[in-house]
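Let me begin by presenting the structure, written as structure tokens, before commenting on it.
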Amino acid sequence: MAWQNSQNRLLFLFEYTTVRYVGTDNKKIGLLYRIFQLTIMGYLIGWVFFKNKGYQVKDDTIESSVVTKVKGVARVNTTDSNLWGPEDYVFPSQGENFLSIATNFIETPNQKLGIKTGVCLETHNGTCEIYGWCPTEIRKNPDPATIVREAENFTLYIRNFVRFSRFNFSTSNVPNENRTLYLKHCSYDEHFHPYCPIFRLGDIVNKTGHKFEEMAKRGASIGVLIEWLCDLDKDSDCRPRYSFVCLDKVTFDFRFARYSTDAAGQRQRTFYKVFGIHLDIMVCGTARRFCIIPTIVNIASAVTLMGSYICDIMLLYAMKKRTVYTESKLDRMTTYVTEALGLSKQLHQI
């Protein structure tokens with residue numbers, strides 16, 4: 001007896017219930033139903049698939065490496081030299097994803113080490129002599145006359161390697177075919193050469209909405225954004241987009257010194273307070289590829305929404321003749337329950 005009761009409890013696992021549909025000759029409800037279906041189809045095709053690429057999976061965890069190189073020479077009037085190359089005005093010189101290019105400077109020449117005497121001088125507000133570089137740093141506002149004007153035509157080469165690990169896909173912003181010839185003749189232009197990785201410094205500044213001379217005088221910080229939007233279902237649709245933004249235009253300066261020995265063999269240095277344009281190269285991106293699972297999920301969700309639930313609600317609660325539909329539905333439910341009970345008794349008898 002207990003075994004038979006257990007079997008009866010498990011019978012529901014093998015039951016199948018059908019849905020009974022009833023046609024309604026109501027033009028308003030029919031029109032509402034078709035409009036609702038078309039809306040769901042438009043949402044599925046236009047928003048889910050076309051706009052949001054709902055048939056693809058994405059990987060927005062980008063692995064990136066950046067190498068930079070600056071070219072150009074400039075005439076300057078300093079104690080050490082009258083010509084600067086990249087090794088003189090680029091800091092740091094290793095070619096990383098951030099760099100500073102000197103565009104103005106204040107020079108304190110011929111500093112030598114003074115001797116620490118310990119003598120306090122009353123004529124100098126009670127200050128004491130210490131061991132340090134003399135004369136001390138010249139403190140004044142940056143002079144437009146010392147702006148490195150040739151810096152506007154310096155060129156910045158950016159090579160960016162990216163990888164999307166989910167798809168095991170790697171690429172670079174430098175084309176593999178005819179690379180040497182292409183880089184020799186191209187310069188970035190958003191209309192004619194939007195994928196060229198060589199940028200003129202003056203153009204970068206102009207893209208931020210500022211003038212080069214204004215930034216060169218006191219320095220500034222600029223962000224270079226490289227954005228990758230890759231559709232891996234299309235072989236050629238994985239190229240970077242460049243944009244430029246001014247992060248801080250108040251001032252950007254740093255200090256460094258160049259050391260030498262005078263005719264007497266005494267060590268000396270030329271001290272520089274440098275104003276420059278700091279470039280911070282930031283990389284972001286997303287890669288997408290077709291996947292059957294999100295495609296099926298989105299289609300199934302839309303098909304489910306295309307049911308007549310809203311129309312049923314309108315029939316049962318919003319229409320003037322809703323009592324007719326309500327009574328009809330109750331009758332159908334009663335008939336369905338009666339038939340189901342009868343079928344159940346027949347199955348038990350078998």
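As shown in the structure tokens, the chain order sets the letters A, B, ...; within each chain, residues go from 1, and ligands are also counted from 1 in the order they appear.
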
Polymer residues at most 9 Å from Thr171 of chain A, only C-alpha atoms, same-chain spacing of 2 or more positions, as a list of chain:residue names: A:Asn160, A:Phe161, A:Val162, A:Arg163, A:Phe169, A:Asn173, A:Val174, A:Cys238, A:Arg239

Expected answer as a PyMOL selection string: alpha helix (DSSP H) residues in segment 35-264 of chain A: chain A and resi 35-42+86-89+179-185+201-207+212-218

Include N, CA, C and O atoms and write out the residues we just selected as a compact mmCIF listing (two decimals), in the first residue's frame.
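out.txt, written as the output of this step:
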```
# COMPACT_ATOMS: atom_id res chain seq x y z
N ILE A 35 -0.46 45.02 -32.78
CA ILE A 35 0.45 46.13 -32.46
C ILE A 35 1.47 45.69 -31.41
O ILE A 35 2.67 46.00 -31.50
N PHE A 36 0.97 44.96 -30.42
CA PHE A 36 1.88 44.48 -29.37
C PHE A 36 2.92 43.53 -29.93
O PHE A 36 4.11 43.59 -29.59
N GLN A 37 2.50 42.64 -30.85
CA GLN A 37 3.45 41.72 -31.47
C GLN A 37 4.50 42.45 -32.29
O GLN A 37 5.70 42.15 -32.23
N LEU A 38 4.06 43.43 -33.08
CA LEU A 38 5.00 44.21 -33.89
C LEU A 38 5.97 45.00 -33.01
O LEU A 38 7.15 45.17 -33.35
N THR A 39 5.48 45.50 -31.87
CA THR A 39 6.35 46.24 -30.95
C THR A 39 7.44 45.32 -30.39
O THR A 39 8.61 45.71 -30.33
N ILE A 40 7.05 44.12 -30.00
CA ILE A 40 8.03 43.17 -29.48
C ILE A 40 9.04 42.79 -30.55
O ILE A 40 10.25 42.71 -30.31
N MET A 41 8.56 42.57 -31.79
CA MET A 41 9.47 42.24 -32.88
C MET A 41 10.43 43.39 -33.18
O MET A 41 11.62 43.18 -33.42
N GLY A 42 9.91 44.62 -33.16
CA GLY A 42 10.78 45.78 -33.36
C GLY A 42 11.82 45.92 -32.27
O GLY A 42 12.97 46.24 -32.54
N PRO A 86 65.36 64.41 -29.03
CA PRO A 86 64.45 63.68 -28.13
C PRO A 86 65.10 63.26 -26.82
O PRO A 86 64.44 63.21 -25.79
N GLU A 87 66.40 62.94 -26.87
CA GLU A 87 67.07 62.53 -25.64
C GLU A 87 67.22 63.68 -24.65
O GLU A 87 67.51 63.46 -23.46
N ASP A 88 66.99 64.93 -25.11
CA ASP A 88 67.12 66.10 -24.24
C ASP A 88 65.78 66.58 -23.69
O ASP A 88 65.72 67.12 -22.57
N TYR A 89 64.70 66.42 -24.45
CA TYR A 89 63.43 67.03 -24.03
C TYR A 89 62.33 66.03 -23.69
O TYR A 89 61.22 66.43 -23.32
N ARG A 179 53.77 48.11 -43.80
CA ARG A 179 53.89 48.93 -42.59
C ARG A 179 54.92 50.04 -42.74
O ARG A 179 54.66 51.20 -42.42
N THR A 180 56.09 49.71 -43.24
CA THR A 180 57.16 50.70 -43.36
C THR A 180 56.78 51.82 -44.30
O THR A 180 56.96 53.01 -43.99
N LEU A 181 56.21 51.48 -45.45
CA LEU A 181 55.81 52.49 -46.42
C LEU A 181 54.67 53.35 -45.89
O LEU A 181 54.66 54.57 -46.06
N TYR A 182 53.72 52.72 -45.19
CA TYR A 182 52.57 53.45 -44.66
C TYR A 182 53.00 54.45 -43.59
O TYR A 182 52.59 55.61 -43.60
N LEU A 183 53.84 54.02 -42.66
CA LEU A 183 54.28 54.90 -41.57
C LEU A 183 55.17 56.03 -42.07
O LEU A 183 55.25 57.09 -41.44
N LYS A 184 55.82 55.81 -43.18
CA LYS A 184 56.73 56.83 -43.72
C LYS A 184 55.99 58.03 -44.26
O LYS A 184 56.50 59.17 -44.24
N HIS A 185 54.76 57.84 -44.72
CA HIS A 185 54.04 58.92 -45.39
C HIS A 185 52.78 59.37 -44.67
O HIS A 185 52.12 60.31 -45.12
N LEU A 201 52.45 66.96 -32.33
CA LEU A 201 52.16 67.47 -30.99
C LEU A 201 51.22 68.67 -31.05
O LEU A 201 50.30 68.79 -30.22
N GLY A 202 51.41 69.55 -32.01
CA GLY A 202 50.53 70.71 -32.13
C GLY A 202 49.09 70.31 -32.42
O GLY A 202 48.15 70.93 -31.91
N ASP A 203 48.90 69.24 -33.21
CA ASP A 203 47.54 68.78 -33.52
C ASP A 203 46.89 68.17 -32.28
O ASP A 203 45.68 68.33 -32.07
N ILE A 204 47.66 67.46 -31.47
CA ILE A 204 47.12 66.89 -30.24
C ILE A 204 46.58 67.99 -29.34
O ILE A 204 45.48 67.90 -28.79
N VAL A 205 47.36 69.07 -29.18
CA VAL A 205 46.93 70.20 -28.35
C VAL A 205 45.67 70.83 -28.93
O VAL A 205 44.72 71.15 -28.21
N ASN A 206 45.65 71.04 -30.23
CA ASN A 206 44.49 71.67 -30.87
C ASN A 206 43.22 70.83 -30.71
O ASN A 206 42.12 71.38 -30.59
N LYS A 207 43.37 69.49 -30.71
CA LYS A 207 42.20 68.63 -30.55
C LYS A 207 41.56 68.77 -29.17
O LYS A 207 40.38 68.45 -28.99
N PHE A 212 48.50 75.94 -28.79
CA PHE A 212 49.77 75.34 -28.39
C PHE A 212 50.59 76.30 -27.54
O PHE A 212 51.18 75.91 -26.52
N GLU A 213 50.67 77.57 -27.91
CA GLU A 213 51.52 78.51 -27.18
C GLU A 213 51.05 78.70 -25.74
O GLU A 213 51.87 78.86 -24.83
N GLU A 214 49.75 78.64 -25.53
CA GLU A 214 49.23 78.77 -24.16
C GLU A 214 49.66 77.60 -23.29
O GLU A 214 50.07 77.78 -22.14
N MET A 215 49.57 76.40 -23.85
CA MET A 215 49.97 75.21 -23.08
C MET A 215 51.48 75.12 -22.94
O MET A 215 51.99 74.68 -21.91
N ALA A 216 52.21 75.51 -23.99
CA ALA A 216 53.66 75.38 -23.96
C ALA A 216 54.29 76.29 -22.92
O ALA A 216 55.35 75.97 -22.36
N LYS A 217 53.68 77.41 -22.63
CA LYS A 217 54.28 78.37 -21.71
C LYS A 217 54.36 77.82 -20.29
O LYS A 217 55.42 77.87 -19.65
N ARG A 218 53.28 77.28 -19.76
CA ARG A 218 53.24 76.81 -18.38
C ARG A 218 53.10 75.29 -18.25
O ARG A 218 53.18 74.75 -17.16
```

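Residues in contact with Glu190 of chain A at 12 Å, where only C-alpha atoms are counted and same-chain residues fewer than 3 positions away are skipped, are listed as Cys186, Ser187, His193, Pro194, Tyr195, Cys196, Pro197, Ile198, Phe199, Asp203, Ile204, Lys207, Pro240, Arg241, Tyr242, Ser243 and Phe244 of chain A.
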
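If you look at atom CA of Tyr33 of chain A and atom CA of Ala300 of chain A, they are 18.3 Å away from each other.
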
Determine, for each residue of segment 37-84 of chain A having at least one atom at most 12 Å from an atom of segment 228-232 of chain A, the closest pair of atoms and their separation in Å to one decimal, counting only C-alpha atoms; order by chain and ascending number, as JSON lines.
```
{"residue": "A:Lys53", "atom": "CA", "partner": "A:Asp231", "partner_atom": "CA", "distance": 9.7}
{"residue": "A:Tyr55", "atom": "CA", "partner": "A:Asp231", "partner_atom": "CA", "distance": 11.7}
{"residue": "A:Gln56", "atom": "CA", "partner": "A:Asp231", "partner_atom": "CA", "distance": 9.1}
{"residue": "A:Val57", "atom": "CA", "partner": "A:Asp231", "partner_atom": "CA", "distance": 10.3}
{"residue": "A:Lys58", "atom": "CA", "partner": "A:Asp231", "partner_atom": "CA", "distance": 9.3}
{"residue": "A:Asp59", "atom": "CA", "partner": "A:Cys230", "partner_atom": "CA", "distance": 9.7}
{"residue": "A:Asp60", "atom": "CA", "partner": "A:Leu229", "partner_atom": "CA", "distance": 9.5}
{"residue": "A:Thr61", "atom": "CA", "partner": "A:Trp228", "partner_atom": "CA", "distance": 11.3}
{"residue": "A:Ile62", "atom": "CA", "partner": "A:Trp228", "partner_atom": "CA", "distance": 9.1}
{"residue": "A:Glu63", "atom": "CA", "partner": "A:Trp228", "partner_atom": "CA", "distance": 11.4}
{"residue": "A:Ser64", "atom": "CA", "partner": "A:Trp228", "partner_atom": "CA", "distance": 10.8}
```

Generate the output file for the selected residues, C-alpha atoms, as a PDB file, in the first residue's frame.
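Saved to selection-v6.pdb:
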```pdb
ATOM      1  CA  LYS A  53      24.344  43.177 -30.492  1.00  0.00           C
ATOM      2  CA  TYR A  55      23.477  37.808 -30.540  1.00  0.00           C
ATOM      3  CA  GLN A  56      27.087  38.249 -29.391  1.00  0.00           C
ATOM      4  CA  VAL A  57      29.076  37.800 -26.198  1.00  0.00           C
ATOM      5  CA  LYS A  58      31.611  40.449 -25.229  1.00  0.00           C
ATOM      6  CA  ASP A  59      34.973  40.706 -23.526  1.00  0.00           C
ATOM      7  CA  ASP A  60      35.800  44.083 -22.019  1.00  0.00           C
ATOM      8  CA  THR A  61      38.885  42.900 -20.103  1.00  0.00           C
ATOM      9  CA  ILE A  62      41.587  44.251 -22.370  1.00  0.00           C
ATOM     10  CA  GLU A  63      45.290  43.495 -21.972  1.00  0.00           C
ATOM     11  CA  SER A  64      47.402  46.312 -23.368  1.00  0.00           C
TER      12      SER A  64
END
```

For Phe271 of chain A, list every protein, DNA or RNA residue within 12 Å, evaluated using only C-alpha atoms, and leave out those in the same chain fewer than 5 positions away; present the list as a short mmCIF file (atom, residue, chain, number, x, y, z; two decimals) with C-alpha atoms, in the first residue's frame.
```
data_model
loop_
_atom_site.label_atom_id
_atom_site.label_comp_id
_atom_site.auth_asym_id
_atom_site.auth_seq_id
_atom_site.Cartn_x
_atom_site.Cartn_y
_atom_site.Cartn_z
CA THR A 78 71.02 77.28 -23.02
CA THR A 79 74.42 77.11 -21.38
CA ASP A 80 74.90 73.46 -22.32
CA PHE A 105 62.28 76.22 -19.14
CA ILE A 106 63.97 78.43 -16.56
CA GLU A 107 67.73 77.89 -16.41
CA THR A 108 70.05 78.36 -13.44
CA PRO A 109 73.57 77.94 -14.92
CA ASN A 110 76.94 77.14 -13.37
CA GLN A 111 75.84 75.94 -9.96
CA LYS A 112 78.67 74.75 -7.74
CA TRP A 133 74.47 74.19 -4.91
CA CYS A 134 75.12 77.88 -5.44
CA PRO A 135 73.76 80.10 -6.78
CA THR A 136 70.30 78.95 -5.74
CA GLU A 137 67.50 78.28 -8.21
CA ILE A 138 66.23 81.30 -10.11
CA ARG A 139 62.59 81.80 -9.20
CA PHE A 254 59.45 69.35 -13.14
CA ARG A 255 63.17 69.84 -12.48
CA PHE A 256 66.37 68.20 -13.64
CA ALA A 257 70.08 69.03 -13.85
CA ARG A 258 72.95 68.41 -16.24
CA TYR A 259 76.39 67.93 -14.71
CA SER A 260 79.81 68.88 -16.05
#
```
